[in-house]
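> My file is work-v1.cif. It has mmCIF, N, CA and C atoms:
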```cif
data_final
#
loop_
_atom_site.label_atom_id
_atom_site.label_comp_id
_atom_site.auth_asym_id
_atom_site.auth_seq_id
_atom_site.Cartn_x
_atom_site.Cartn_y
_atom_site.Cartn_z
N MET A 5 -11.49 -6.90 5.12
CA MET A 5 -11.55 -5.91 4.07
C MET A 5 -12.73 -4.99 4.35
N HIS A 6 -12.45 -3.70 4.30
CA HIS A 6 -13.48 -2.67 4.50
C HIS A 6 -13.44 -1.70 3.33
N THR A 7 -14.56 -1.12 3.01
CA THR A 7 -14.60 -0.04 2.04
C THR A 7 -15.30 1.15 2.67
N GLU A 8 -14.83 2.32 2.29
CA GLU A 8 -15.44 3.57 2.76
C GLU A 8 -15.63 4.47 1.56
N GLY A 9 -16.78 5.08 1.47
CA GLY A 9 -17.07 5.95 0.34
C GLY A 9 -17.48 5.14 -0.87
N ALA A 10 -18.01 5.84 -1.87
CA ALA A 10 -18.47 5.20 -3.09
C ALA A 10 -17.41 5.35 -4.18
N PRO A 11 -16.94 4.25 -4.73
CA PRO A 11 -15.96 4.36 -5.80
C PRO A 11 -16.60 4.94 -7.05
N PRO A 12 -15.77 5.52 -7.92
CA PRO A 12 -16.32 5.97 -9.19
C PRO A 12 -16.92 4.78 -9.94
N GLU A 13 -17.79 5.07 -10.90
CA GLU A 13 -18.42 3.99 -11.65
C GLU A 13 -17.37 3.02 -12.19
N ARG A 14 -16.28 3.55 -12.68
CA ARG A 14 -15.20 2.71 -13.21
C ARG A 14 -13.88 3.42 -12.97
N LEU A 15 -12.98 2.73 -12.27
CA LEU A 15 -11.63 3.26 -12.07
C LEU A 15 -10.81 3.01 -13.33
N PRO A 16 -9.84 3.87 -13.61
CA PRO A 16 -8.94 3.59 -14.74
C PRO A 16 -8.26 2.24 -14.54
N ALA A 17 -8.04 1.51 -15.63
CA ALA A 17 -7.45 0.17 -15.56
C ALA A 17 -6.11 0.18 -14.84
N LEU A 18 -5.29 1.21 -15.07
CA LEU A 18 -3.99 1.28 -14.41
C LEU A 18 -4.14 1.42 -12.89
N VAL A 19 -5.15 2.14 -12.45
CA VAL A 19 -5.39 2.31 -11.01
C VAL A 19 -5.89 1.00 -10.42
N GLU A 20 -6.84 0.34 -11.10
CA GLU A 20 -7.32 -0.96 -10.62
C GLU A 20 -6.19 -1.95 -10.47
N SER A 21 -5.35 -2.03 -11.51
CA SER A 21 -4.22 -2.96 -11.49
C SER A 21 -3.25 -2.63 -10.38
N ALA A 22 -2.95 -1.34 -10.22
CA ALA A 22 -2.02 -0.92 -9.16
C ALA A 22 -2.56 -1.27 -7.78
N LEU A 23 -3.84 -1.03 -7.55
CA LEU A 23 -4.43 -1.36 -6.25
C LEU A 23 -4.34 -2.85 -5.96
N LEU A 24 -4.61 -3.67 -6.96
CA LEU A 24 -4.51 -5.12 -6.78
C LEU A 24 -3.08 -5.52 -6.45
N ARG A 25 -2.12 -5.03 -7.22
CA ARG A 25 -0.71 -5.40 -7.00
C ARG A 25 -0.18 -4.87 -5.67
N ILE A 26 -0.60 -3.68 -5.29
CA ILE A 26 -0.17 -3.12 -4.00
C ILE A 26 -0.73 -3.96 -2.86
N ALA A 27 -2.00 -4.33 -2.95
CA ALA A 27 -2.59 -5.18 -1.91
C ALA A 27 -1.87 -6.52 -1.84
N GLN A 28 -1.58 -7.12 -3.00
CA GLN A 28 -0.86 -8.39 -3.01
C GLN A 28 0.52 -8.25 -2.38
N GLY A 29 1.24 -7.20 -2.75
CA GLY A 29 2.58 -6.99 -2.20
C GLY A 29 2.56 -6.74 -0.71
N ALA A 30 1.62 -5.94 -0.26
CA ALA A 30 1.52 -5.64 1.17
C ALA A 30 1.17 -6.89 1.96
N LEU A 31 0.23 -7.68 1.46
CA LEU A 31 -0.15 -8.90 2.16
C LEU A 31 0.96 -9.95 2.13
N ALA A 32 1.72 -9.98 1.04
CA ALA A 32 2.88 -10.89 0.99
C ALA A 32 3.90 -10.49 2.06
N ASN A 33 4.11 -9.19 2.24
CA ASN A 33 5.02 -8.73 3.29
C ASN A 33 4.51 -9.14 4.67
N VAL A 34 3.21 -9.01 4.90
CA VAL A 34 2.63 -9.42 6.18
C VAL A 34 2.90 -10.90 6.41
N ARG A 35 2.62 -11.70 5.38
CA ARG A 35 2.79 -13.16 5.51
C ARG A 35 4.25 -13.54 5.73
N GLU A 36 5.16 -12.92 4.98
CA GLU A 36 6.57 -13.32 5.02
C GLU A 36 7.37 -12.73 6.18
N HIS A 37 6.99 -11.54 6.64
CA HIS A 37 7.85 -10.83 7.58
C HIS A 37 7.22 -10.46 8.92
N ALA A 38 5.90 -10.27 8.96
CA ALA A 38 5.30 -9.64 10.13
C ALA A 38 5.03 -10.57 11.30
N GLY A 39 4.77 -11.84 11.03
CA GLY A 39 4.36 -12.71 12.12
C GLY A 39 3.04 -12.27 12.71
N ALA A 40 2.18 -11.69 11.88
CA ALA A 40 0.91 -11.13 12.34
C ALA A 40 -0.16 -12.20 12.48
N THR A 41 -1.11 -11.93 13.36
CA THR A 41 -2.27 -12.81 13.47
C THR A 41 -3.46 -12.24 12.69
N THR A 42 -3.46 -10.93 12.46
CA THR A 42 -4.52 -10.31 11.66
C THR A 42 -3.94 -9.22 10.77
N ALA A 43 -4.62 -9.02 9.65
CA ALA A 43 -4.31 -7.91 8.75
C ALA A 43 -5.64 -7.36 8.25
N THR A 44 -5.72 -6.07 8.11
CA THR A 44 -6.95 -5.42 7.67
C THR A 44 -6.65 -4.53 6.47
N LEU A 45 -7.47 -4.66 5.44
CA LEU A 45 -7.37 -3.80 4.27
C LEU A 45 -8.58 -2.87 4.28
N THR A 46 -8.34 -1.60 4.03
CA THR A 46 -9.42 -0.63 3.91
C THR A 46 -9.22 0.16 2.64
N LEU A 47 -10.23 0.20 1.79
CA LEU A 47 -10.21 0.98 0.57
C LEU A 47 -11.13 2.16 0.76
N THR A 48 -10.56 3.37 0.72
CA THR A 48 -11.32 4.59 0.93
C THR A 48 -11.39 5.36 -0.38
N CYS A 49 -12.61 5.63 -0.82
CA CYS A 49 -12.83 6.34 -2.08
C CYS A 49 -13.25 7.77 -1.78
N LEU A 50 -12.41 8.71 -2.17
CA LEU A 50 -12.70 10.13 -1.99
C LEU A 50 -12.92 10.75 -3.37
N ASP A 51 -13.34 12.01 -3.42
CA ASP A 51 -13.58 12.65 -4.71
C ASP A 51 -12.32 12.74 -5.56
N ASP A 52 -11.19 12.99 -4.92
CA ASP A 52 -9.97 13.26 -5.69
C ASP A 52 -8.89 12.19 -5.57
N GLN A 53 -9.13 11.16 -4.76
CA GLN A 53 -8.13 10.10 -4.61
C GLN A 53 -8.77 8.83 -4.07
N ILE A 54 -8.03 7.74 -4.24
CA ILE A 54 -8.42 6.47 -3.66
C ILE A 54 -7.25 6.01 -2.80
N VAL A 55 -7.57 5.54 -1.60
CA VAL A 55 -6.53 5.20 -0.63
C VAL A 55 -6.71 3.75 -0.18
N LEU A 56 -5.63 2.99 -0.24
CA LEU A 56 -5.61 1.63 0.25
C LEU A 56 -4.75 1.59 1.50
N ASP A 57 -5.35 1.21 2.63
CA ASP A 57 -4.62 1.06 3.89
C ASP A 57 -4.53 -0.42 4.23
N VAL A 58 -3.33 -0.85 4.60
CA VAL A 58 -3.13 -2.23 5.05
C VAL A 58 -2.47 -2.15 6.42
N MET A 59 -3.14 -2.73 7.42
CA MET A 59 -2.63 -2.68 8.79
C MET A 59 -2.51 -4.10 9.31
N ASP A 60 -1.44 -4.35 10.08
CA ASP A 60 -1.29 -5.67 10.69
C ASP A 60 -0.88 -5.51 12.14
N ASP A 61 -1.02 -6.61 12.88
CA ASP A 61 -0.65 -6.60 14.30
C ASP A 61 0.64 -7.38 14.53
N GLY A 62 1.50 -7.37 13.54
CA GLY A 62 2.74 -8.15 13.60
C GLY A 62 3.85 -7.50 14.40
N ARG A 63 5.06 -8.00 14.16
CA ARG A 63 6.22 -7.59 14.96
C ARG A 63 6.69 -6.18 14.66
N GLY A 64 6.29 -5.60 13.53
CA GLY A 64 6.71 -4.25 13.19
C GLY A 64 8.20 -4.17 12.89
N PHE A 65 8.66 -2.98 12.55
CA PHE A 65 10.06 -2.75 12.23
C PHE A 65 10.33 -1.26 12.29
N GLU A 66 11.59 -0.90 12.23
CA GLU A 66 11.97 0.52 12.14
C GLU A 66 11.96 0.89 10.66
N PRO A 67 11.04 1.73 10.20
CA PRO A 67 10.98 2.06 8.78
C PRO A 67 12.31 2.55 8.21
N ALA A 68 13.13 3.23 9.00
CA ALA A 68 14.43 3.70 8.50
C ALA A 68 15.33 2.54 8.10
N GLU A 69 15.16 1.37 8.74
CA GLU A 69 15.97 0.20 8.41
C GLU A 69 15.60 -0.35 7.04
N ASP A 70 14.46 0.04 6.51
CA ASP A 70 14.00 -0.48 5.23
C ASP A 70 14.42 0.42 4.07
N ARG A 71 15.44 1.21 4.24
CA ARG A 71 15.87 2.13 3.20
C ARG A 71 17.32 1.87 2.79
N ARG A 72 17.72 0.63 2.74
CA ARG A 72 19.10 0.28 2.44
C ARG A 72 19.58 0.74 1.08
N ASP A 73 18.68 0.80 0.09
CA ASP A 73 19.10 1.19 -1.25
C ASP A 73 18.56 2.57 -1.65
N GLY A 74 18.00 3.30 -0.70
CA GLY A 74 17.47 4.62 -0.98
C GLY A 74 16.07 4.62 -1.55
N THR A 75 15.52 3.45 -1.88
CA THR A 75 14.17 3.39 -2.42
C THR A 75 13.20 2.81 -1.43
N GLY A 76 13.68 2.37 -0.29
CA GLY A 76 12.78 1.85 0.72
C GLY A 76 12.82 0.35 0.82
N GLY A 77 13.87 -0.29 0.37
CA GLY A 77 13.91 -1.74 0.46
C GLY A 77 15.29 -2.29 0.18
N GLU A 78 15.34 -3.58 -0.04
CA GLU A 78 16.60 -4.26 -0.23
C GLU A 78 17.06 -4.25 -1.68
N GLY A 79 16.32 -3.60 -2.58
CA GLY A 79 16.74 -3.54 -3.97
C GLY A 79 16.40 -4.78 -4.76
N ARG A 80 15.54 -5.66 -4.23
CA ARG A 80 15.18 -6.88 -4.93
C ARG A 80 14.05 -6.68 -5.91
N GLY A 81 13.40 -5.52 -5.89
CA GLY A 81 12.26 -5.29 -6.76
C GLY A 81 10.96 -5.85 -6.20
N HIS A 82 10.94 -6.22 -4.93
CA HIS A 82 9.75 -6.77 -4.30
C HIS A 82 9.36 -5.88 -3.13
N GLY A 83 8.21 -6.16 -2.56
CA GLY A 83 7.80 -5.48 -1.34
C GLY A 83 7.64 -3.99 -1.51
N LEU A 84 8.14 -3.27 -0.52
CA LEU A 84 7.95 -1.81 -0.51
C LEU A 84 8.56 -1.10 -1.72
N PRO A 85 9.74 -1.49 -2.23
CA PRO A 85 10.25 -0.80 -3.42
C PRO A 85 9.30 -0.93 -4.62
N ALA A 86 8.71 -2.09 -4.81
CA ALA A 86 7.78 -2.28 -5.93
C ALA A 86 6.52 -1.46 -5.72
N ILE A 87 6.04 -1.40 -4.49
CA ILE A 87 4.85 -0.59 -4.19
C ILE A 87 5.15 0.89 -4.45
N ARG A 88 6.30 1.36 -3.98
CA ARG A 88 6.67 2.77 -4.21
C ARG A 88 6.77 3.07 -5.71
N ALA A 89 7.38 2.18 -6.47
CA ALA A 89 7.54 2.39 -7.92
C ALA A 89 6.19 2.46 -8.61
N ARG A 90 5.28 1.56 -8.25
CA ARG A 90 3.94 1.57 -8.84
C ARG A 90 3.22 2.89 -8.55
N LEU A 91 3.30 3.33 -7.31
CA LEU A 91 2.64 4.57 -6.93
C LEU A 91 3.27 5.77 -7.62
N ARG A 92 4.58 5.79 -7.72
CA ARG A 92 5.27 6.89 -8.38
C ARG A 92 4.78 7.06 -9.82
N GLN A 93 4.55 5.95 -10.52
CA GLN A 93 4.08 5.99 -11.91
C GLN A 93 2.70 6.64 -12.02
N LEU A 94 1.92 6.59 -10.96
CA LEU A 94 0.57 7.14 -10.97
C LEU A 94 0.46 8.46 -10.21
N GLY A 95 1.60 9.00 -9.77
CA GLY A 95 1.59 10.25 -9.02
C GLY A 95 1.10 10.07 -7.60
N GLY A 96 1.14 8.83 -7.10
CA GLY A 96 0.65 8.53 -5.77
C GLY A 96 1.73 8.60 -4.71
N THR A 97 1.33 8.35 -3.48
CA THR A 97 2.25 8.40 -2.34
C THR A 97 2.08 7.17 -1.47
N LEU A 98 3.15 6.82 -0.77
CA LEU A 98 3.14 5.72 0.18
C LEU A 98 3.59 6.23 1.52
N THR A 99 2.84 5.89 2.55
CA THR A 99 3.22 6.20 3.92
C THR A 99 3.28 4.89 4.69
N VAL A 100 4.40 4.68 5.40
CA VAL A 100 4.55 3.47 6.21
C VAL A 100 4.82 3.89 7.64
N GLU A 101 3.98 3.40 8.55
CA GLU A 101 4.17 3.65 9.97
C GLU A 101 4.35 2.31 10.66
N SER A 102 5.43 2.18 11.42
CA SER A 102 5.70 0.94 12.12
C SER A 102 6.69 1.20 13.23
N ALA A 103 6.71 0.28 14.17
CA ALA A 103 7.69 0.29 15.25
C ALA A 103 7.81 -1.13 15.76
N PRO A 104 8.98 -1.52 16.21
CA PRO A 104 9.14 -2.88 16.72
C PRO A 104 8.08 -3.21 17.78
N GLY A 105 7.41 -4.33 17.58
CA GLY A 105 6.39 -4.78 18.51
C GLY A 105 5.04 -4.11 18.36
N GLU A 106 4.92 -3.19 17.42
CA GLU A 106 3.69 -2.40 17.29
C GLU A 106 2.91 -2.64 16.01
N GLY A 107 3.32 -3.57 15.17
CA GLY A 107 2.62 -3.78 13.90
C GLY A 107 3.02 -2.74 12.87
N THR A 108 2.35 -2.79 11.74
CA THR A 108 2.67 -1.89 10.62
C THR A 108 1.38 -1.39 9.99
N ALA A 109 1.40 -0.13 9.58
CA ALA A 109 0.30 0.47 8.82
C ALA A 109 0.88 1.06 7.54
N LEU A 110 0.39 0.61 6.42
CA LEU A 110 0.81 1.09 5.11
C LEU A 110 -0.37 1.82 4.48
N SER A 111 -0.13 2.99 3.92
CA SER A 111 -1.20 3.75 3.27
C SER A 111 -0.73 4.17 1.88
N ALA A 112 -1.44 3.70 0.86
CA ALA A 112 -1.11 4.01 -0.53
C ALA A 112 -2.23 4.87 -1.10
N ALA A 113 -1.90 6.10 -1.50
CA ALA A 113 -2.89 7.04 -2.02
C ALA A 113 -2.61 7.29 -3.49
N ILE A 114 -3.65 7.18 -4.32
CA ILE A 114 -3.54 7.42 -5.75
C ILE A 114 -4.53 8.52 -6.14
N PRO A 115 -4.02 9.61 -6.75
CA PRO A 115 -4.93 10.67 -7.15
C PRO A 115 -5.83 10.22 -8.31
N LEU A 116 -7.05 10.74 -8.32
CA LEU A 116 -8.01 10.45 -9.39
C LEU A 116 -8.29 11.73 -10.14
N GLU A 117 -8.47 11.61 -11.45
CA GLU A 117 -8.82 12.77 -12.25
C GLU A 117 -10.28 13.12 -11.99
N ARG A 118 -10.53 14.38 -11.85
CA ARG A 118 -11.93 14.82 -11.69
C ARG A 118 -12.56 14.89 -13.04
N ARG A 119 -13.82 14.48 -13.10
CA ARG A 119 -14.53 14.46 -14.40
C ARG A 119 -15.65 15.44 -14.37
#
```
What do you get writing this file as structure tokens?

Amino acid sequence: MHTEGAPPERLPALVESALLRIAQGALANVREHAGATTATLTLTCLDDQIVLDVMDDGRGFEPAEDRRDGTGGEGRGHGLPAIRARLRQLGGTLTVESAPGEGTALSAAIPLERR
């Protein structure tokens, strides 16, 4: 786990909760699907957004194969579909980069209100 930048004194409760759930979901995917030996989480705090990156050295996949139901997953309400739904509620974005044999990098960005 790495952090970059200084977080605001207090993040909104919905953002804190979303970051926790996104990290849990991403790490569950690594454990269940990736066959990875390492995973790295990086939380980057910028003036206008907070970004959670999760990278692993696992088997990777073709991201297009993960869009069977149009939401980015198998329609079970777990994994990437749940992460996308959480981010959508907060106006955030999800980027997934992966390739077979190359591991996976997930980046979840949530905008922050300027005060």
> Assuming the chain letters and numbering stay as they are in my file, what does the PyMOL selection byres ((chain A and resi 50-57) around 7) actually select? List them as a CSV table (one decimal) with N, CA and C atoms, keeping the file's coordinate frame.

```
chain,number,residue,atom,x,y,z
A,8,GLU,N,-14.8,2.3,2.3
A,8,GLU,CA,-15.4,3.6,2.8
A,8,GLU,C,-15.6,4.5,1.6
A,9,GLY,N,-16.8,5.1,1.5
A,9,GLY,CA,-17.1,6.0,0.3
A,9,GLY,C,-17.5,5.1,-0.9
A,10,ALA,N,-18.0,5.8,-1.9
A,10,ALA,CA,-18.5,5.2,-3.1
A,10,ALA,C,-17.4,5.4,-4.2
A,11,PRO,N,-16.9,4.2,-4.7
A,11,PRO,CA,-16.0,4.4,-5.8
A,11,PRO,C,-16.6,4.9,-7.0
A,44,THR,N,-5.7,-6.1,8.1
A,44,THR,CA,-7.0,-5.4,7.7
A,44,THR,C,-6.6,-4.5,6.5
A,45,LEU,N,-7.5,-4.7,5.4
A,45,LEU,CA,-7.4,-3.8,4.3
A,45,LEU,C,-8.6,-2.9,4.3
A,46,THR,N,-8.3,-1.6,4.0
A,46,THR,CA,-9.4,-0.6,3.9
A,46,THR,C,-9.2,0.2,2.6
A,47,LEU,N,-10.2,0.2,1.8
A,47,LEU,CA,-10.2,1.0,0.6
A,47,LEU,C,-11.1,2.2,0.8
A,48,THR,N,-10.6,3.4,0.7
A,48,THR,CA,-11.3,4.6,0.9
A,48,THR,C,-11.4,5.4,-0.4
A,49,CYS,N,-12.6,5.6,-0.8
A,49,CYS,CA,-12.8,6.3,-2.1
A,49,CYS,C,-13.2,7.8,-1.8
A,58,VAL,N,-3.3,-0.8,4.6
A,58,VAL,CA,-3.1,-2.2,5.0
A,58,VAL,C,-2.5,-2.2,6.4
A,59,MET,N,-3.1,-2.7,7.4
A,59,MET,CA,-2.6,-2.7,8.8
A,59,MET,C,-2.5,-4.1,9.3
A,109,ALA,N,1.4,-0.1,9.6
A,109,ALA,CA,0.3,0.5,8.8
A,109,ALA,C,0.9,1.1,7.5
A,110,LEU,N,0.4,0.6,6.4
A,110,LEU,CA,0.8,1.1,5.1
A,110,LEU,C,-0.4,1.8,4.5
A,111,SER,N,-0.1,3.0,3.9
A,111,SER,CA,-1.2,3.8,3.3
A,111,SER,C,-0.7,4.2,1.9
A,112,ALA,N,-1.4,3.7,0.9
A,112,ALA,CA,-1.1,4.0,-0.5
A,112,ALA,C,-2.2,4.9,-1.1
A,113,ALA,N,-1.9,6.1,-1.5
A,113,ALA,CA,-2.9,7.0,-2.0
A,113,ALA,C,-2.6,7.3,-3.5
A,114,ILE,N,-3.6,7.2,-4.3
A,114,ILE,CA,-3.5,7.4,-5.8
A,114,ILE,C,-4.5,8.5,-6.1
A,115,PRO,N,-4.0,9.6,-6.8
A,115,PRO,CA,-4.9,10.7,-7.2
A,115,PRO,C,-5.8,10.2,-8.3
A,116,LEU,N,-7.0,10.7,-8.3
A,116,LEU,CA,-8.0,10.4,-9.4
A,116,LEU,C,-8.3,11.7,-10.1
A,117,GLU,N,-8.5,11.6,-11.4
A,117,GLU,CA,-8.8,12.8,-12.2
A,117,GLU,C,-10.3,13.1,-12.0
A,118,ARG,N,-10.5,14.4,-11.8
A,118,ARG,CA,-11.9,14.8,-11.7
A,118,ARG,C,-12.6,14.9,-13.0
```
> Which distance in Å separates atom C of Leu18 (chain A) and atom C of Pro67 (chain A), to one decimal?
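Here the two named atoms are 26.8 Å from each other.
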> Evaluate the PyMOL selection byres (((chain A and resi 87 and name CA) around 9) and name CA) against this structure - the residues, as a CSV table (one decimal) with N, CA and C atoms, in the coordinates of the input, please.

```csv
chain,number,residue,atom,x,y,z
A,22,ALA,N,-3.0,-1.3,-10.2
A,22,ALA,CA,-2.0,-0.9,-9.2
A,22,ALA,C,-2.6,-1.3,-7.8
A,25,ARG,N,-2.1,-5.0,-7.2
A,25,ARG,CA,-0.7,-5.4,-7.0
A,25,ARG,C,-0.2,-4.9,-5.7
A,26,ILE,N,-0.6,-3.7,-5.3
A,26,ILE,CA,-0.2,-3.1,-4.0
A,26,ILE,C,-0.7,-4.0,-2.9
A,29,GLY,N,1.2,-7.2,-2.8
A,29,GLY,CA,2.6,-7.0,-2.2
A,29,GLY,C,2.6,-6.7,-0.7
A,30,ALA,N,1.6,-5.9,-0.3
A,30,ALA,CA,1.5,-5.6,1.2
A,30,ALA,C,1.2,-6.9,2.0
A,82,HIS,N,10.9,-6.2,-4.9
A,82,HIS,CA,9.8,-6.8,-4.3
A,82,HIS,C,9.4,-5.9,-3.1
A,83,GLY,N,8.2,-6.2,-2.6
A,83,GLY,CA,7.8,-5.5,-1.3
A,83,GLY,C,7.6,-4.0,-1.5
A,84,LEU,N,8.1,-3.3,-0.5
A,84,LEU,CA,8.0,-1.8,-0.5
A,84,LEU,C,8.6,-1.1,-1.7
A,85,PRO,N,9.7,-1.5,-2.2
A,85,PRO,CA,10.2,-0.8,-3.4
A,85,PRO,C,9.3,-0.9,-4.6
A,86,ALA,N,8.7,-2.1,-4.8
A,86,ALA,CA,7.8,-2.3,-5.9
A,86,ALA,C,6.5,-1.5,-5.7
A,88,ARG,N,6.3,1.4,-4.0
A,88,ARG,CA,6.7,2.8,-4.2
A,88,ARG,C,6.8,3.1,-5.7
A,89,ALA,N,7.4,2.2,-6.5
A,89,ALA,CA,7.5,2.4,-7.9
A,89,ALA,C,6.2,2.5,-8.6
A,90,ARG,N,5.3,1.6,-8.2
A,90,ARG,CA,3.9,1.6,-8.8
A,90,ARG,C,3.2,2.9,-8.6
A,91,LEU,N,3.3,3.3,-7.3
A,91,LEU,CA,2.6,4.6,-6.9
A,91,LEU,C,3.3,5.8,-7.6
A,92,ARG,N,4.6,5.8,-7.7
A,92,ARG,CA,5.3,6.9,-8.4
A,92,ARG,C,4.8,7.1,-9.8
A,98,LEU,N,3.2,6.8,-0.8
A,98,LEU,CA,3.1,5.7,0.2
A,98,LEU,C,3.6,6.2,1.5
A,112,ALA,N,-1.4,3.7,0.9
A,112,ALA,CA,-1.1,4.0,-0.5
A,112,ALA,C,-2.2,4.9,-1.1
```
> Of the candidates A:Ala27, A:Val19, A:Gly64, A:Thr99, which shows the shortest atom-to-atom distance to Ala40 (chain A), using only C-alpha atoms?
A:Gly64
> What is the CA of Phe65 (chain A) to CA of Leu94 (chain A) distance in Å?
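Calculated distance between CA of Phe65 (chain A) and CA of Leu94 (chain A) is 26.9 Å.
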> Name the residues within 7 Å of (6.1, 0.2, 14.8), counting only N, CA and C atoms in the file's coordinates, and put them as a VMD selection string.
chain A and resid 63 to 67 101 to 108
> What does the structure give for the distance between CA of Ala38 (chain A) and CA of Thr7 (chain A), in Å to one decimal?
23.5 Å
> Would you return as number ranges by chain the members of chain A that DSSP assigns to alpha helix (DSSP H) on this structure's backbone?
A: 17-33, 83-93
> So that I have them on file, write out the residues from the current selection with N, CA and C atoms, as a short mmCIF file (atom, residue, chain, number, x, y, z; two decimals), keeping the file's coordinate frame.

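Here's the written file out_8.cif:
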```
data_model
loop_
_atom_site.label_atom_id
_atom_site.label_comp_id
_atom_site.auth_asym_id
_atom_site.auth_seq_id
_atom_site.Cartn_x
_atom_site.Cartn_y
_atom_site.Cartn_z
N ALA A 17 -8.04 1.51 -15.63
CA ALA A 17 -7.45 0.17 -15.56
C ALA A 17 -6.11 0.18 -14.84
N LEU A 18 -5.29 1.21 -15.07
CA LEU A 18 -3.99 1.28 -14.41
C LEU A 18 -4.14 1.42 -12.89
N VAL A 19 -5.15 2.14 -12.45
CA VAL A 19 -5.39 2.31 -11.01
C VAL A 19 -5.89 1.00 -10.42
N GLU A 20 -6.84 0.34 -11.10
CA GLU A 20 -7.32 -0.96 -10.62
C GLU A 20 -6.19 -1.95 -10.47
N SER A 21 -5.35 -2.03 -11.51
CA SER A 21 -4.22 -2.96 -11.49
C SER A 21 -3.25 -2.63 -10.38
N ALA A 22 -2.95 -1.34 -10.22
CA ALA A 22 -2.02 -0.92 -9.16
C ALA A 22 -2.56 -1.27 -7.78
N LEU A 23 -3.84 -1.03 -7.55
CA LEU A 23 -4.43 -1.36 -6.25
C LEU A 23 -4.34 -2.85 -5.96
N LEU A 24 -4.61 -3.67 -6.96
CA LEU A 24 -4.51 -5.12 -6.78
C LEU A 24 -3.08 -5.52 -6.45
N ARG A 25 -2.12 -5.03 -7.22
CA ARG A 25 -0.71 -5.40 -7.00
C ARG A 25 -0.18 -4.87 -5.67
N ILE A 26 -0.60 -3.68 -5.29
CA ILE A 26 -0.17 -3.12 -4.00
C ILE A 26 -0.73 -3.96 -2.86
N ALA A 27 -2.00 -4.33 -2.95
CA ALA A 27 -2.59 -5.18 -1.91
C ALA A 27 -1.87 -6.52 -1.84
N GLN A 28 -1.58 -7.12 -3.00
CA GLN A 28 -0.86 -8.39 -3.01
C GLN A 28 0.52 -8.25 -2.38
N GLY A 29 1.24 -7.20 -2.75
CA GLY A 29 2.58 -6.99 -2.20
C GLY A 29 2.56 -6.74 -0.71
N ALA A 30 1.62 -5.94 -0.26
CA ALA A 30 1.52 -5.64 1.17
C ALA A 30 1.17 -6.89 1.96
N LEU A 31 0.23 -7.68 1.46
CA LEU A 31 -0.15 -8.90 2.16
C LEU A 31 0.96 -9.95 2.13
N ALA A 32 1.72 -9.98 1.04
CA ALA A 32 2.88 -10.89 0.99
C ALA A 32 3.90 -10.49 2.06
N ASN A 33 4.11 -9.19 2.24
CA ASN A 33 5.02 -8.73 3.29
C ASN A 33 4.51 -9.14 4.67
N GLY A 83 8.21 -6.16 -2.56
CA GLY A 83 7.80 -5.48 -1.34
C GLY A 83 7.64 -3.99 -1.51
N LEU A 84 8.14 -3.27 -0.52
CA LEU A 84 7.95 -1.81 -0.51
C LEU A 84 8.56 -1.10 -1.72
N PRO A 85 9.74 -1.49 -2.23
CA PRO A 85 10.25 -0.80 -3.42
C PRO A 85 9.30 -0.93 -4.62
N ALA A 86 8.71 -2.09 -4.81
CA ALA A 86 7.78 -2.28 -5.93
C ALA A 86 6.52 -1.46 -5.72
N ILE A 87 6.04 -1.40 -4.49
CA ILE A 87 4.85 -0.59 -4.19
C ILE A 87 5.15 0.89 -4.45
N ARG A 88 6.30 1.36 -3.98
CA ARG A 88 6.67 2.77 -4.21
C ARG A 88 6.77 3.07 -5.71
N ALA A 89 7.38 2.18 -6.47
CA ALA A 89 7.54 2.39 -7.92
C ALA A 89 6.19 2.46 -8.61
N ARG A 90 5.28 1.56 -8.25
CA ARG A 90 3.94 1.57 -8.84
C ARG A 90 3.22 2.89 -8.55
N LEU A 91 3.30 3.33 -7.31
CA LEU A 91 2.64 4.57 -6.93
C LEU A 91 3.27 5.77 -7.62
N ARG A 92 4.58 5.79 -7.72
CA ARG A 92 5.27 6.89 -8.38
C ARG A 92 4.78 7.06 -9.82
N GLN A 93 4.55 5.95 -10.52
CA GLN A 93 4.08 5.99 -11.91
C GLN A 93 2.70 6.64 -12.02
#
```
> So which one's closest to Ala43 (chain A), A:Gln28, A:Met5, A:Ser21, A:Arg14? Using all atoms listed in the file, please.
A:Met5
> Point out the residue among A:Gly96, A:Pro16, A:His6, A:Gly62 with the least atom-to-atom distance to Val34 (chain A), counting all atoms listed in the file.
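With all atoms listed in the file as the atom set, the closest residue is A:Gly62.
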